[in-house]
file target.cif (mmCIF, C-alpha atoms)
data_entry
loop_
_atom_site.label_atom_id
_atom_site.label_comp_id
_atom_site.auth_asym_id
_atom_site.auth_seq_id
_atom_site.Cartn_x
_atom_site.Cartn_y
_atom_site.Cartn_z
CA MET R 1452 49.25 103.06 173.64
CA LYS R 1453 50.58 105.10 176.56
CA THR R 1454 54.24 105.71 177.25
CA ILE R 1455 55.83 103.93 180.20
CA ARG R 1456 59.03 105.35 181.66
CA VAL R 1457 61.15 104.47 184.65
CA ILE R 1458 61.40 107.59 186.83
CA TYR R 1459 63.27 105.97 189.72
CA GLU R 1460 65.43 102.87 189.83
CA ASP R 1461 67.53 101.27 192.50
CA GLY R 1462 68.13 97.61 191.71
CA ALA R 1463 64.78 95.81 191.67
CA HIS R 1464 63.00 98.83 193.20
CA LYS R 1465 61.46 100.95 190.44
CA TRP R 1466 58.87 103.63 189.87
CA HIS R 1467 57.28 103.64 186.41
CA ALA R 1468 55.16 106.51 185.12
CA ILE R 1469 52.51 105.58 182.56
CA VAL R 1470 51.55 108.73 180.70
CA ARG R 1471 50.08 110.38 177.57
CA ASP R 1472 48.03 108.33 175.16
CA PRO R 1473 48.06 109.92 171.70
CA ASN R 1474 44.86 108.03 170.83
CA ARG R 1475 42.91 109.15 173.91
CA PRO R 1476 39.55 110.66 172.91
CA ASP R 1477 39.53 114.37 173.83
CA TYR R 1478 36.40 114.01 175.97
CA LEU R 1479 38.37 111.92 178.51
CA ILE R 1480 40.66 113.68 180.95
CA ASP R 1481 44.28 112.58 180.62
CA THR R 1482 45.57 110.59 183.59
CA ASN R 1483 48.94 109.38 184.85
CA GLU R 1484 49.28 105.95 186.37
CA TYR R 1485 52.28 104.85 188.41
CA LEU R 1486 53.62 101.36 188.94
CA VAL R 1487 55.94 100.74 191.87
CA VAL R 1488 57.85 97.50 191.47
CA ALA R 1489 59.88 95.89 194.23
CA GLY R 1490 61.34 92.58 193.08
CA ASP R 1491 58.49 90.36 191.98
CA ASP R 1492 55.80 92.45 193.64
CA ALA R 1493 54.10 95.63 192.48
CA VAL R 1494 51.46 98.20 193.36
CA LEU R 1495 49.60 100.09 190.65
CA ILE R 1496 48.75 103.60 191.81
CA ASP R 1497 45.45 105.14 190.62
CA PRO R 1498 44.99 102.48 187.91
CA GLY R 1499 42.64 104.70 185.88
CA GLY R 1500 39.23 104.38 184.32
CA THR R 1501 37.80 101.54 182.25
CA GLU R 1502 38.21 103.53 179.05
CA VAL R 1503 41.98 103.93 179.47
CA PHE R 1504 42.54 100.34 180.61
CA PRO R 1505 43.72 99.07 177.17
CA ALA R 1506 46.32 101.84 176.91
CA VAL R 1507 47.52 101.35 180.50
CA PHE R 1508 47.59 97.55 180.31
CA SER R 1509 49.47 97.46 177.02
CA ALA R 1510 52.13 99.95 178.21
CA LEU R 1511 52.51 98.28 181.60
CA SER R 1512 52.80 94.75 180.22
CA THR R 1513 55.90 95.74 178.24
CA GLN R 1514 57.73 96.20 181.57
CA PHE R 1515 56.04 93.95 184.12
CA ASP R 1516 53.77 90.91 184.21
CA PRO R 1517 50.35 92.45 185.03
CA ARG R 1518 49.28 89.22 186.79
CA LYS R 1519 51.93 89.87 189.43
CA ILE R 1520 50.45 93.19 190.54
CA SER R 1521 49.30 92.33 194.04
CA LYS R 1522 47.98 95.76 195.10
CA LEU R 1523 46.07 98.68 193.71
CA PHE R 1524 46.16 102.02 195.47
CA ALA R 1525 43.19 104.32 194.90
CA SER R 1526 43.80 107.87 196.12
CA HIS R 1527 40.04 108.37 196.18
CA GLN R 1528 36.79 107.15 194.63
CA ASP R 1529 36.54 108.95 191.29
CA PRO R 1530 35.93 106.97 188.06
CA ASP R 1531 39.15 108.20 186.42
CA ILE R 1532 40.99 106.75 189.43
CA ILE R 1533 39.55 103.27 189.89
CA SER R 1534 36.65 102.40 187.57
CA SER R 1535 38.95 99.84 185.85
CA LEU R 1536 39.03 97.80 189.08
CA SER R 1537 36.93 94.90 187.73
CA LEU R 1538 39.32 94.51 184.79
CA TRP R 1539 42.41 94.21 187.02
CA THR R 1540 40.68 91.62 189.18
CA GLU R 1541 40.23 89.52 186.03
CA PHE R 1542 43.99 88.94 185.96
CA ASN R 1543 44.50 88.56 189.67
CA PRO R 1544 41.31 87.78 191.62
CA ASP R 1545 43.32 88.05 194.86
CA ILE R 1546 44.48 91.59 194.16
CA LYS R 1547 44.01 94.03 197.07
CA CYS R 1548 42.68 97.51 196.59
CA TYR R 1549 43.80 100.05 199.20
CA VAL R 1550 41.32 102.88 199.56
CA SER R 1551 40.05 105.23 202.28
CA TRP R 1552 37.60 103.51 204.63
CA LEU R 1553 35.18 106.26 203.62
CA TRP R 1554 34.91 104.82 200.10
CA SER R 1555 35.23 101.13 200.88
CA SER R 1556 31.54 100.51 200.28
CA PHE R 1557 31.30 102.86 197.30
CA VAL R 1558 34.23 101.67 195.19
CA PRO R 1559 32.91 98.03 195.12
CA HIS R 1560 30.29 99.39 192.68
CA PHE R 1561 33.19 99.31 190.19
CA GLY R 1562 33.99 95.66 191.00
CA GLY R 1563 35.84 93.39 193.42
CA THR R 1564 34.53 91.48 196.40
CA LYS R 1565 34.58 92.14 200.15
CA GLU R 1566 38.03 90.52 200.27
CA THR R 1567 39.40 92.86 197.60
CA PHE R 1568 39.38 95.96 199.78
CA VAL R 1569 41.81 97.12 202.44
CA GLU R 1570 40.45 100.15 204.25
CA ILE R 1571 42.92 102.92 204.96
CA PRO R 1572 42.15 104.67 208.27
CA ASP R 1573 41.98 108.49 208.30
CA THR R 1574 45.47 108.72 209.82
CA GLY R 1575 47.02 106.70 206.98
CA MET R 1576 48.97 103.44 207.04
CA ASP R 1577 52.04 101.68 205.69
CA ILE R 1578 51.72 99.53 202.60
CA VAL R 1579 54.49 97.00 202.05
CA VAL R 1580 55.36 96.11 198.48
CA GLY R 1581 58.01 93.45 198.02
CA GLY R 1582 59.76 94.54 201.21
CA GLN R 1583 59.54 98.28 200.44
CA ARG R 1584 57.50 100.24 202.95
CA LEU R 1585 55.31 102.91 201.36
CA GLN R 1586 53.25 105.38 203.38
CA ALA R 1587 49.65 106.37 202.69
CA ILE R 1588 49.68 110.08 203.59
CA PRO R 1589 46.36 111.77 204.51
CA ALA R 1590 45.20 114.36 201.97
CA HIS R 1591 41.55 114.58 202.94
CA TYR R 1592 39.42 117.19 201.17
CA LEU R 1593 42.12 117.54 198.49
CA HIS R 1594 39.88 117.12 196.68
CA SER R 1595 37.94 114.13 197.98
CA SER R 1596 36.74 113.91 201.58
CA GLY R 1597 38.57 110.59 201.96
CA ASN R 1598 41.85 111.10 200.10
CA PHE R 1599 45.38 109.69 200.36
CA HIS R 1600 48.74 110.22 198.70
CA LEU R 1601 51.49 107.63 198.63
CA PHE R 1602 55.06 108.32 199.74
CA ASP R 1603 58.07 106.15 199.12
CA PRO R 1604 60.71 107.29 201.66
CA LYS R 1605 63.51 105.33 200.02
CA ALA R 1606 62.84 106.60 196.51
CA LYS R 1607 61.81 110.02 197.89
CA VAL R 1608 58.85 110.01 195.53
CA LEU R 1609 55.43 111.33 196.55
CA PHE R 1610 52.40 110.37 194.49
CA SER R 1611 50.19 113.41 195.09
CA GLY R 1612 46.89 112.50 193.39
CA ASP R 1613 45.08 115.61 192.20
CA VAL R 1614 47.43 117.94 194.10
CA GLY R 1615 49.93 119.26 191.58
CA ALA R 1616 47.65 118.33 188.69
CA ALA R 1617 47.69 120.48 185.59
CA LEU R 1618 45.54 120.42 182.47
CA LEU R 1619 48.23 120.77 179.84
CA PRO R 1620 47.61 121.94 176.29
CA PRO R 1621 49.13 120.00 173.39
CA GLY R 1622 52.75 120.91 172.90
CA GLU R 1623 53.25 121.67 176.59
CA ASP R 1624 52.50 118.19 177.86
CA GLY R 1625 55.96 116.84 178.63
CA MET R 1626 56.38 114.25 181.37
CA PHE R 1627 58.34 116.60 183.65
CA VAL R 1628 57.87 120.23 184.61
CA GLU R 1629 60.63 122.10 182.79
CA ASN R 1630 59.59 125.69 183.41
CA PHE R 1631 57.71 126.05 186.69
CA ASP R 1632 56.27 129.53 186.09
CA ARG R 1633 55.00 128.58 182.66
CA HIS R 1634 53.65 125.22 183.88
CA ILE R 1635 51.85 126.45 186.99
CA ARG R 1636 49.46 128.62 184.93
CA HIS R 1637 47.88 125.36 183.76
CA ALA R 1638 47.47 124.20 187.37
CA GLU R 1639 46.00 127.32 188.95
CA ALA R 1640 42.33 127.17 187.93
CA PHE R 1641 42.26 123.43 188.65
CA HIS R 1642 43.52 123.87 192.21
CA ARG R 1643 41.30 126.85 192.97
CA ARG R 1644 38.19 124.91 191.92
CA TRP R 1645 38.94 121.32 192.92
CA MET R 1646 40.63 121.87 196.25
CA GLY R 1647 37.76 122.70 198.57
CA SER R 1648 39.32 123.51 201.93
CA GLU R 1649 41.91 126.12 202.97
CA ARG R 1650 42.48 124.33 206.26
CA ALA R 1651 43.03 120.95 204.59
CA LYS R 1652 45.44 122.59 202.15
CA ARG R 1653 47.47 124.18 204.98
CA ASP R 1654 47.56 120.85 206.86
CA TRP R 1655 48.79 119.04 203.76
CA CYS R 1656 51.47 121.63 202.99
CA SER R 1657 52.76 121.46 206.53
CA ARG R 1658 52.71 117.64 206.50
CA VAL R 1659 54.54 117.14 203.22
CA SER R 1660 57.05 119.93 203.94
CA GLN R 1661 58.48 117.60 206.54
CA LEU R 1662 59.06 114.83 204.00
CA ASP R 1663 62.23 114.48 201.98
CA ILE R 1664 60.74 114.57 198.45
CA GLU R 1665 62.68 114.55 195.21
CA MET R 1666 59.75 113.94 192.91
CA LEU R 1667 56.10 114.93 193.26
CA CYS R 1668 53.95 112.90 190.89
CA PRO R 1669 50.39 114.08 190.24
CA GLN R 1670 47.61 112.06 188.61
CA HIS R 1671 47.20 114.63 185.82
CA GLY R 1672 49.88 116.70 184.13
CA ALA R 1673 53.63 116.77 184.65
CA ILE R 1674 55.97 115.55 187.39
CA TYR R 1675 57.76 118.09 189.62
CA ARG R 1676 61.44 117.39 190.33
CA GLY R 1677 64.11 118.79 192.63
CA ALA R 1678 63.60 122.43 193.58
CA ASP R 1679 60.24 122.53 191.78
CA VAL R 1680 58.78 120.30 194.50
CA LYS R 1681 59.29 122.92 197.22
CA ARG R 1682 58.35 125.65 194.76
CA PHE R 1683 55.03 123.87 194.17
CA ILE R 1684 54.31 123.36 197.89
CA ASP R 1685 54.98 127.07 198.56
CA TRP R 1686 52.85 128.12 195.61
CA PHE R 1687 50.00 125.89 196.78
CA ALA R 1688 50.27 127.14 200.38
CA HIS R 1689 49.68 130.70 199.17
CA LEU R 1690 46.94 129.91 196.65
CA GLU R 1691 43.38 130.74 197.66
CA VAL R 1692 41.35 127.59 197.08
CA GLY R 1693 37.69 126.55 197.30
CA ILE R 1694 36.42 129.32 195.08
CA LEU R 1695 34.44 129.15 191.89
CA LYS R 1696 36.35 131.65 189.74
CA GLY R 1697 40.08 132.23 189.49
CA MET L 458 32.14 88.00 172.34
CA THR L 459 32.78 90.76 169.80
CA SER L 460 31.62 94.35 169.65
CA HIS L 461 28.64 93.03 167.61
CA GLU L 462 27.74 90.77 170.49
CA ASP L 463 28.23 93.71 172.85
CA ARG L 464 25.54 95.55 170.88
CA ASP L 465 23.38 92.40 170.72
CA SER L 466 23.37 91.97 174.49
CA GLY L 467 22.30 95.61 174.81
CA ARG L 468 19.50 94.89 172.34
CA GLU L 469 18.51 91.85 174.38
CA LEU L 470 18.17 94.03 177.48
CA ARG L 471 16.00 96.52 175.57
CA ARG L 472 13.88 93.60 174.33
CA ILE L 473 13.29 92.39 177.90
CA VAL L 474 12.32 95.92 178.95
CA ARG L 475 9.76 96.06 176.09
CA ILE L 476 8.33 92.68 177.16
CA ASN L 477 8.03 93.96 180.70
CA GLU L 478 6.16 97.08 179.56
CA GLU L 479 3.75 94.94 177.53
CA ILE L 480 3.15 92.69 180.57
CA LYS L 481 2.23 95.77 182.60
CA THR L 482 -0.36 96.72 179.96
CA VAL L 483 -1.95 93.26 180.10
CA VAL L 484 -2.01 93.32 183.92
CA LYS L 485 -3.83 96.68 183.86
CA THR L 486 -6.38 95.36 181.37
CA ALA L 487 -6.89 92.18 183.37
CA TYR L 488 -7.65 94.32 186.42
CA ARG L 489 -10.20 96.27 184.37
CA ILE L 490 -11.89 93.01 183.27
CA ASN L 491 -12.09 91.95 186.89
CA LEU L 492 -14.05 95.13 187.76
CA MET L 493 -16.22 94.74 184.69
CA ALA L 494 -17.04 91.16 185.66
CA MET L 495 -18.04 92.26 189.17
CA ASN L 496 -20.39 94.86 187.73
CA ALA L 497 -21.81 92.24 185.37
CA ILE L 498 -22.48 89.91 188.32
CA PHE L 499 -24.44 92.66 190.11
CA LEU L 500 -26.34 93.46 186.94
CA ALA L 501 -27.22 89.79 186.42
CA LYS L 502 -28.45 89.58 190.02
CA ARG L 503 -30.71 92.58 189.44
CA ALA L 504 -31.99 91.04 186.21
CA GLY L 505 -32.90 87.93 188.24
CA GLN L 506 -34.26 84.75 186.66
CA SER L 507 -33.97 85.99 183.06
CA ALA L 508 -30.17 86.51 183.33
CA LEU L 509 -29.14 83.31 185.16
CA GLY L 510 -26.93 82.14 182.25
CA PHE L 511 -25.33 85.58 182.00
CA GLY L 512 -24.59 85.50 185.73
CA VAL L 513 -22.79 82.16 185.45
CA LEU L 514 -20.67 83.49 182.56
CA SER L 515 -19.85 86.70 184.48
CA ASN L 516 -18.55 84.57 187.34
CA GLU L 517 -16.41 82.63 184.87
CA LEU L 518 -15.11 85.85 183.36
CA ARG L 519 -14.15 87.10 186.81
CA ARG L 520 -12.27 83.86 187.45
CA PHE L 521 -10.64 84.28 184.04
CA ALA L 522 -9.49 87.83 184.97
CA THR L 523 -7.98 86.55 188.24
CA ASP L 524 -6.22 83.67 186.46
CA LEU L 525 -4.91 86.06 183.82
CA GLU L 526 -3.58 88.42 186.47
CA GLN L 527 -1.77 85.52 188.21
CA GLN L 528 -0.36 84.36 184.90
CA MET L 529 0.95 87.83 184.12
CA ILE L 530 2.54 88.15 187.58
CA ALA L 531 4.39 84.86 186.93
CA LEU L 532 5.43 86.15 183.51
CA GLY L 533 6.65 89.40 185.10
CA GLN L 534 8.75 87.42 187.58
CA ALA L 535 10.25 85.36 184.76
CA THR L 536 11.11 88.58 182.93
CA ALA L 537 12.74 90.07 186.04
CA GLY L 538 14.91 86.91 186.18
CA SER L 539 15.87 87.51 182.55
CA VAL L 540 16.93 91.07 183.37
CA VAL L 541 19.46 89.70 185.89
CA THR L 542 20.94 87.29 183.34
CA VAL L 543 20.96 89.76 180.48
CA THR L 544 22.50 92.51 182.65
CA ALA L 545 25.33 90.12 183.54
CA MET L 546 25.71 89.47 179.82
CA VAL L 547 25.90 93.19 179.02
CA LYS L 548 28.57 93.61 181.71
CA GLU L 549 30.46 90.61 180.34
CA ALA L 550 30.26 91.96 176.80
CA HIS L 551 31.68 95.27 177.98
CA ILE L 552 34.62 93.59 179.70
CA VAL L 553 35.35 91.53 176.61
CA SER L 554 35.18 94.56 174.33
CA VAL L 555 37.67 96.48 176.55
CA MET L 556 39.96 93.44 176.56
CA GLU L 557 39.73 93.25 172.76
CA ARG L 558 40.87 96.86 172.59
CA ALA L 559 43.76 96.04 174.92
CA HIS L 560 44.61 93.05 172.73
CA ALA L 561 44.81 95.29 169.65
CA GLN L 562 47.28 97.59 171.42
CA CYS L 563 49.46 94.94 173.06
CA ASP L 564 52.57 93.18 171.85
CA GLY L 565 54.49 90.21 173.22
CA ALA L 566 53.67 88.96 176.71
CA GLY L 567 50.72 91.32 177.23
CA ARG L 568 49.08 90.12 174.01
CA GLU L 569 49.50 86.49 175.04
CA ILE L 570 47.92 87.15 178.44
CA ILE L 571 44.90 88.83 176.83
CA ASP L 572 44.71 86.07 174.21
CA ARG L 573 44.42 83.42 176.90
CA PHE L 574 41.88 85.51 178.79
CA LEU L 575 39.67 85.96 175.71
CA ARG L 576 39.87 82.29 174.70
CA ARG L 577 38.91 81.14 178.20
CA ARG L 578 36.16 83.71 178.49
CA LEU L 579 34.62 83.05 175.09
CA ALA L 580 34.71 79.30 175.64
CA THR L 581 33.04 79.31 179.04
CA THR L 582 31.18 82.41 180.15
CA LEU L 583 29.67 83.40 176.82
CA SER L 584 28.28 79.97 175.98
CA ASP L 585 26.92 79.61 179.55
CA ARG L 586 25.15 82.93 179.29
CA LEU L 587 23.78 82.17 175.83
CA ASP L 588 22.43 78.84 177.13
CA LYS L 589 20.77 80.64 180.02
CA VAL L 590 19.18 83.25 177.75
CA ALA L 591 17.94 80.50 175.41
CA ALA L 592 16.36 78.66 178.37
CA LEU L 593 14.75 81.88 179.60
CA ASN L 594 13.41 82.52 176.12
CA ARG L 595 11.91 79.03 175.94
CA ASN L 596 10.29 79.50 179.33
CA LEU L 597 8.86 82.90 178.30
CA ALA L 598 7.53 81.41 175.04
CA MET L 599 5.77 78.61 176.96
CA MET L 600 4.22 81.05 179.42
CA ILE L 601 3.03 83.38 176.66
CA GLU L 602 1.54 80.42 174.80
CA SER L 603 -0.40 79.22 177.84
CA THR L 604 -1.58 82.81 178.46
CA ALA L 605 -2.77 82.97 174.85
CA SER L 606 -4.86 79.79 175.39
CA LEU L 607 -6.34 81.33 178.52
CA VAL L 608 -7.24 84.49 176.58
CA GLU L 609 -8.87 82.40 173.85
CA MET L 610 -11.04 80.87 176.56
CA GLY L 611 -11.86 84.41 177.76
CA GLY L 612 -12.92 85.28 174.20
CA VAL L 613 -15.27 82.29 174.09
CA LEU L 614 -16.78 83.32 177.44
CA ALA L 615 -17.29 86.91 176.21
CA ARG L 616 -19.02 85.69 173.03
CA SER L 617 -21.28 83.33 175.03
CA ALA L 618 -22.13 86.21 177.38
CA LYS L 619 -23.22 88.22 174.34
CA ILE L 620 -25.59 85.42 173.30
CA GLU L 621 -26.96 85.05 176.86
CA ALA L 622 -27.54 88.83 176.98
CA ALA L 623 -30.21 88.45 174.32
CA TYR L 624 -32.31 86.44 176.85
CA GLY L 625 -32.06 89.16 179.50
CA GLY L 626 -35.56 90.51 179.07
CA GLY L 627 -35.74 94.17 180.14
CA PHE L 628 -32.01 94.11 180.97
CA SER L 629 -31.07 92.74 177.57
CA GLN L 630 -29.68 96.04 176.27
CA SER L 631 -27.48 96.67 179.34
CA LEU L 632 -26.25 93.07 179.37
CA LYS L 633 -25.43 93.29 175.66
CA GLN L 634 -23.42 96.48 176.32
CA VAL L 635 -21.46 94.78 179.14
CA SER L 636 -20.70 91.70 177.06
CA SER L 637 -19.55 93.87 174.13
CA ASP L 638 -17.22 95.66 176.54
CA PHE L 639 -15.89 92.26 177.63
CA GLU L 640 -15.25 91.28 174.06
CA GLY L 641 -13.51 94.60 173.29
CA THR L 642 -11.28 94.35 176.33
CA ILE L 643 -10.31 90.77 175.56
CA GLY L 644 -9.47 91.96 172.04
CA GLU L 645 -7.09 94.51 173.61
CA ILE L 646 -5.46 91.78 175.68
CA ARG L 647 -5.06 89.63 172.59
CA LYS L 648 -3.35 92.52 170.81
CA SER L 649 -0.94 93.05 173.72
CA LEU L 650 -0.19 89.33 173.82
CA ASP L 651 0.58 89.39 170.09
CA SER L 652 3.13 92.18 170.68
CA LEU L 653 4.51 90.27 173.64
CA SER L 654 4.88 87.18 171.51
CA LYS L 655 6.55 89.24 168.76
CA PHE L 656 9.16 90.70 171.17
CA GLN L 657 9.73 87.29 172.69
CA ARG L 658 10.40 85.72 169.29
CA ARG L 659 13.11 88.26 168.48
CA GLU L 660 15.87 85.91 169.48
CA PHE L 661 19.13 87.18 170.95
CA ALA L 662 21.77 87.92 168.29
CA ALA L 663 19.22 87.41 165.53
#
call {"tool": "encode", "arguments": {"input": "target.cif", "output": "structure tokens"}}
result
Amino acid sequence: MKTIRVIYEDGAHKWHAIVRDPNRPDYLIDTNEYLVVAGDDAVLIDPGGTEVFPAVFSALSTQFDPRKISKLFASHQDPDIISSLSLWTEFNPDIKCYVSWLWSSFVPHFGGTKETFVEIPDTGMDIVVGGQRLQAIPAHYLHSSGNFHLFDPKAKVLFSGDVGAALLPPGEDGMFVENFDRHIRHAEAFHRRWMGSERAKRDWCSRVSQLDIEMLCPQHGAIYRGADVKRFIDWFAHLEVGILKG
Amino acid sequence: MTSHEDRDSGRELRRIVRINEEIKTVVKTAYRINLMAMNAIFLAKRAGQSALGFGVLSNELRRFATDLEQQMIALGQATAGSVVTVTAMVKEAHIVSVMERAHAQCDGAGREIIDRFLRRRLATTLSDRLDKVAALNRNLAMMIESTASLVEMGGVLARSAKIEAAYGGGFSQSLKQVSSDFEGTIGEIRKSLDSLSKFQRREFAA
């Protein structure tokens, strides 16, 4: 079973991180899922692949009734992001899946019906969860051509999808980044290879620099907090991306 | 549905694919018989008065080949319908097996939610699908049986053609060769039908 931890809490408004499954087979990439709860409503961010569903569901259900999750947010179309879709719709057939318009006819291959999908336009949109307004922030070409991150202005938390991801070795896989310089070595090759566009990277860095972020939460690896958030954005801005070898 | 049933539904899909391949073989052979029958009709015409009986049988064999082809097309369509049902079953089995894994990891409220899901699912969807597969199997069995009767009739026609060939005068040898080819080809069809029947009888979750 994965670990679920509250990373932000203000009354009934909470961010949960669902991380690290000790029983995960080593041929599956490790993923982080995030549950944002506001009162009786919740959005599950990048719900994960079919194979990790049991670990995600069991961890999540210790904190929140999974049938009350009204929204799924898929940063992009990859199987480790959203291939569990058909399993979540089993518990709430009315669940809405927010995904880039670009993938709205591709992701249904994983499940759902026409009514399941809410297309996010290229410029982004607001997603309201139990009265809390979250913002889908464009992150196209980082790495997917239709890609979004999710910002919670009140909690000052940015879910950053594959940006900030790190492939951590055992023993260095804590939930939070504790030593930036040591941590970032595990992120470098990933960003150079997966992030395909210098221009998209610069746009993203400039866009998120204007946000007031206290936590940057990637889909793989550890969460950046406080000063490490700006440190990461600066590091990323100067990294040469879209190349085959580091 | 358990992980055993998950494997069984996969086996069922493989079984349907084998049936489909066997149907394709029979269709190809039926097409060959059709051509052979046309040649036999021309040969009988050339042989004239002495091969009148052979000519009639060649016409019958051609009709038989056309009927067989139609029968196999219908069987192919029935099999394609089975693929749809069995694919849904495979998908269902996969969902249930993931939920069973979730059940094993859950405690408290999560476990109860999965429990209810599995009970509902096993009581409704699985039995519906099993009923559908059983009905499809019965339909396939009936179609294979009626095809087998048709092929038996083809065998009788081929044997009669062999006898008629003996009265073909100067063409007797050629007519005998053609009727032997008929008999051989019908033998091939019979063999394919036997395999088809064997795959069909391998019931789901046997």
call {"tool": "closest_residue", "arguments": {"input": "target.cif", "among": "R:Ile1664, R:Val1470, R:Ala1510, R:Val1488", "to": "chain L", "atoms": "all atoms listed in the file"}}
result
R:Ala1510
call {"tool": "resolve_selection", "arguments": {"input": "target.cif", "expression": "the PyMOL selection byres ((chain L) within 8 of (chain R))", "output": "list of chain:residue names"}}
result
L:Ile552, L:Val555, L:Met556, L:Arg558, L:Ala559, L:His560, L:Gln562, L:Cys563, L:Asp564, L:Gly565, L:Ala566, L:Gly567, L:Arg568
call {"tool": "residues_around", "arguments": {"input": "target.cif", "residues": "Ala497 (chain L)", "least_positions_apart": "3", "cutoff": "6 Å", "atoms": "all atoms listed in the file", "output": "PyMOL selection string"}}
result
chain L and resi 494+500+515
call {"tool": "residues_near_point", "arguments": {"input": "target.cif", "point": "(31.5, 83.9, 180.4)", "cutoff": "12 Å", "atoms": "only C-alpha atoms", "output": "PyMOL selection string"}}
result
(chain R and resi 1541) or (chain L and resi 458+542+545-553+574-589)
call {"tool": "resolve_selection", "arguments": {"input": "target.cif", "expression": "the PyMOL selection byres ((chain L and resi 605) around 10)", "output": "PyMOL selection string"}}
result
chain L and resi 525+599-604+606-611+646-647+650-651+654
call {"tool": "resolve_selection", "arguments": {"input": "target.cif", "expression": "the PyMOL selection byres ((chain R and resi 1579) around 10)", "output": "number ranges by chain"}}
result
R: 1489, 1492-1494, 1522, 1576-1578, 1580-1586
call {"tool": "residues_around", "arguments": {"input": "target.cif", "residues": "Ile1684 (chain R)", "least_positions_apart": "5", "cutoff": "10 Å", "atoms": "only C-alpha atoms", "output": "list in words"}}
result
Val1614, Gly1615, Lys1652, Arg1653, Trp1655, Cys1656, Ser1657, Val1659, Ser1660, Leu1667, Asp1679, His1689 and Leu1690 of chain R
call {"tool": "atom_distance", "arguments": {"input": "target.cif", "atom1": "CA of Thr1482 (chain R)", "atom2": "CA of Thr1454 (chain R)"}}
result
11.8 Å
call {"tool": "residues_around", "arguments": {"input": "target.cif", "residues": "Val474 (chain L)", "least_positions_apart": "2", "cutoff": "12 Å", "atoms": "only C-alpha atoms", "output": "list in words"}}
result
Gly467, Arg468, Glu469, Leu470, Arg471, Arg472, Ile476, Asn477, Glu478, Glu479, Ile480, Lys481, Gly533, Thr536, Ala537, Gly538, Ser539, Val540, Val541, Val543, Thr544, Leu653, Phe656 and Gln657 of chain L
call {"tool": "residues_near_point", "arguments": {"input": "target.cif", "point": "(46.4, 104.9, 196.6)", "cutoff": "6 Å", "atoms": "all atoms listed in the file", "output": "ChimeraX atom specification"}}
result
/R:1496,1524-1526
call {"tool": "atom_distance", "arguments": {"input": "target.cif", "atom1": "CA of Phe1687 (chain R)", "atom2": "CA of Ala1651 (chain R)"}}
result
11.6 Å
